[in-house]
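First comes the structure, then the notes that go with it.
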Amino acid sequence: MVRNAAFAVPGDLAIPTGGYVYDRRIIAELSLRDWRIEVVDLGDGFPYPAAATRAAACARLAALRPGDPVVIDGLAFGVLAEAAAALRASHPLVALACARHVIATSAAVARLLVDDYGVAAGRVSVVEPGTDRVLPPPRKREGEVKLLAVGSVIPRKGYDVLVAALARLRHLPWRLIIAGDRGRSPQTSRRLRAEIARLGLADRITLLGAVTPGELSPLYACTDLFVLPSRFEGYGMAYTEAIAHGVPVIGTTAGAVPQTVPAEAGVLVAPDDVEALTATLQRLIANPHERERLAAGARAAKFPSWSEQAALFARVLESLA
């Protein structure tokens with residue numbers, strides 16, 4: 001039996017960020033499970049849309065067929081209170097306070113919603129992102145260590161902390177590529193580029209900009225160490241993607257990262273702790289055997305597939321019918 005549902009997302013669903021990847025992959029897998037999915041573009045500028053964009057988004061949501069589940073991306077839902085109030089009587093909503101149910105991408109986010117946003121625990125389900133497993137290529141142990149960071153250039157990702165730590169390790173053989181959208185926060189991007197230049201690291205740090213999944217896989221293939229000192233992650237898909245490629249990671253203890261990164265595959269430090277990040281980078285850059293131990297842990301790590309996670313998502317939608 002074909003079931004209907006709508007996914008309401010702010011802007012272009014093809015944007016290469018974790019949240020949009022989650023939406024795209026869940027939609028694709030649901031479509032394989034006899035779900036007919038209508039994607040509703042709510043417009044750009046969220047979570048701070050212009051008045052006209054907000055009005056148009058409310059109109060698009062109001063026009064949806066009554067009775068069908070509506071999944072509203074959390075980036076938009078928080079500023080569409082009027083639409084939520086209007087829809088809750090006619091549609092099973094999957095979002096926050098006005099919703100019949102909330103889907104969180106990690107247990108850490110679920111706890112945050114219950115503790116800080118007043119969502120009843122019984123109305124929250126956790127459906128973590130899936131992960132595509134790949135066959136990692138063999139990696140060298142000696143020579144220049146290639147570092148990779150993946151994520152939009154925004155304050156939350158902690159690139160300023162990473163650059164400050166690497167500035168103290170000029171004596172070691174490393175190069176860093178930062179692959180992430182530089183247009184989300186132009187001011188952050190300008191400051192980061194200026195700081196890299198001021199520290200004399202422009203020849204060792206490359207700001208690559210946003211990349212497609214096809215462009216990202218070769219980067220993982222030649223990476224020795226993934227490092228992303230985020231100040232918060234609701235899940236941390238970039239970490240699991242690196243681990244799925246057999247790359248050891250350095251992350252932080254912020255948000256859901258400790259539950260996302262297996263201890264055997266990575267090292268976590270406190271967010272904003274330049275000293276701890278410097279010490280960890282120094283140890284792993286200088287010690288290929290330690291990197292290989294963590295890489296072996298990465299190769300052995302197991303994450304659920306997108307098909308498995310879509311099945312969980314579908315059960316939540318079916319329970320709302």
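Ordering of the structure tokens sets the chain letters (A, B, ...), residue numbers begin anew at 1 in every chain, and ligands are numbered from 1 in the order given.
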For stretch 256-266 of chain A: contacts at 6 Å, only C-alpha atoms, fewer than 6 positions along chain excluded, given as a ChimeraX atom specification
/A:108,233-235,248-250,294,297-298
Tell me, as a PyMOL selection string, which residues lie within 12 Å of A:Ala63, counting only C-alpha atoms; anything in the same chain fewer than 3 positions away does not count.
chain A and resi 6+40+56-60+66-68+70+83+86-87+90-91
Contacts of A:Leu112 at 12 Å (only C-alpha atoms; same-chain gap of 3+ positions) as a VMD selection string:
chain A and resid 96 104 to 109 115 to 121 124 234 255 to 256
Keeping only C-alpha atoms, write the selected residues as a PDB file, in the first residue's frame.
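Writing the result to again17.pdb gives the following:
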```
ATOM      1  CA  LEU A  96       8.566  20.308  18.166  1.00  0.00           C
ATOM      2  CA  ALA A 104      15.727  13.434  17.018  1.00  0.00           C
ATOM      3  CA  THR A 105      18.969  12.380  15.362  1.00  0.00           C
ATOM      4  CA  SER A 106      20.615  11.295  18.637  1.00  0.00           C
ATOM      5  CA  ALA A 107      19.843  10.472  22.243  1.00  0.00           C
ATOM      6  CA  ALA A 108      21.730  13.635  23.245  1.00  0.00           C
ATOM      7  CA  VAL A 109      19.358  15.807  21.181  1.00  0.00           C
ATOM      8  CA  ASP A 115      14.974  18.973  29.366  1.00  0.00           C
ATOM      9  CA  ASP A 116      15.148  22.395  27.689  1.00  0.00           C
ATOM     10  CA  TYR A 117      12.183  22.568  25.309  1.00  0.00           C
ATOM     11  CA  GLY A 118       9.439  20.871  27.290  1.00  0.00           C
ATOM     12  CA  VAL A 119       8.795  18.058  24.801  1.00  0.00           C
ATOM     13  CA  ALA A 120       7.245  15.040  26.521  1.00  0.00           C
ATOM     14  CA  ALA A 121       9.629  12.081  26.526  1.00  0.00           C
ATOM     15  CA  VAL A 124      10.298  11.727  21.061  1.00  0.00           C
ATOM     16  CA  GLY A 234      23.475  16.922  17.247  1.00  0.00           C
ATOM     17  CA  GLY A 255      26.835  17.282  22.180  1.00  0.00           C
ATOM     18  CA  ALA A 256      26.358  13.806  20.748  1.00  0.00           C
TER      19      ALA A 256
END
```
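Separating atom CA of A:Val153 from atom CA of A:Arg182 is a distance of 5.2 Å.
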Pick from A:Val145, A:Val227, A:Val71, A:Leu192 nearest to A:Val316, counting only C-alpha atoms
A:Val71
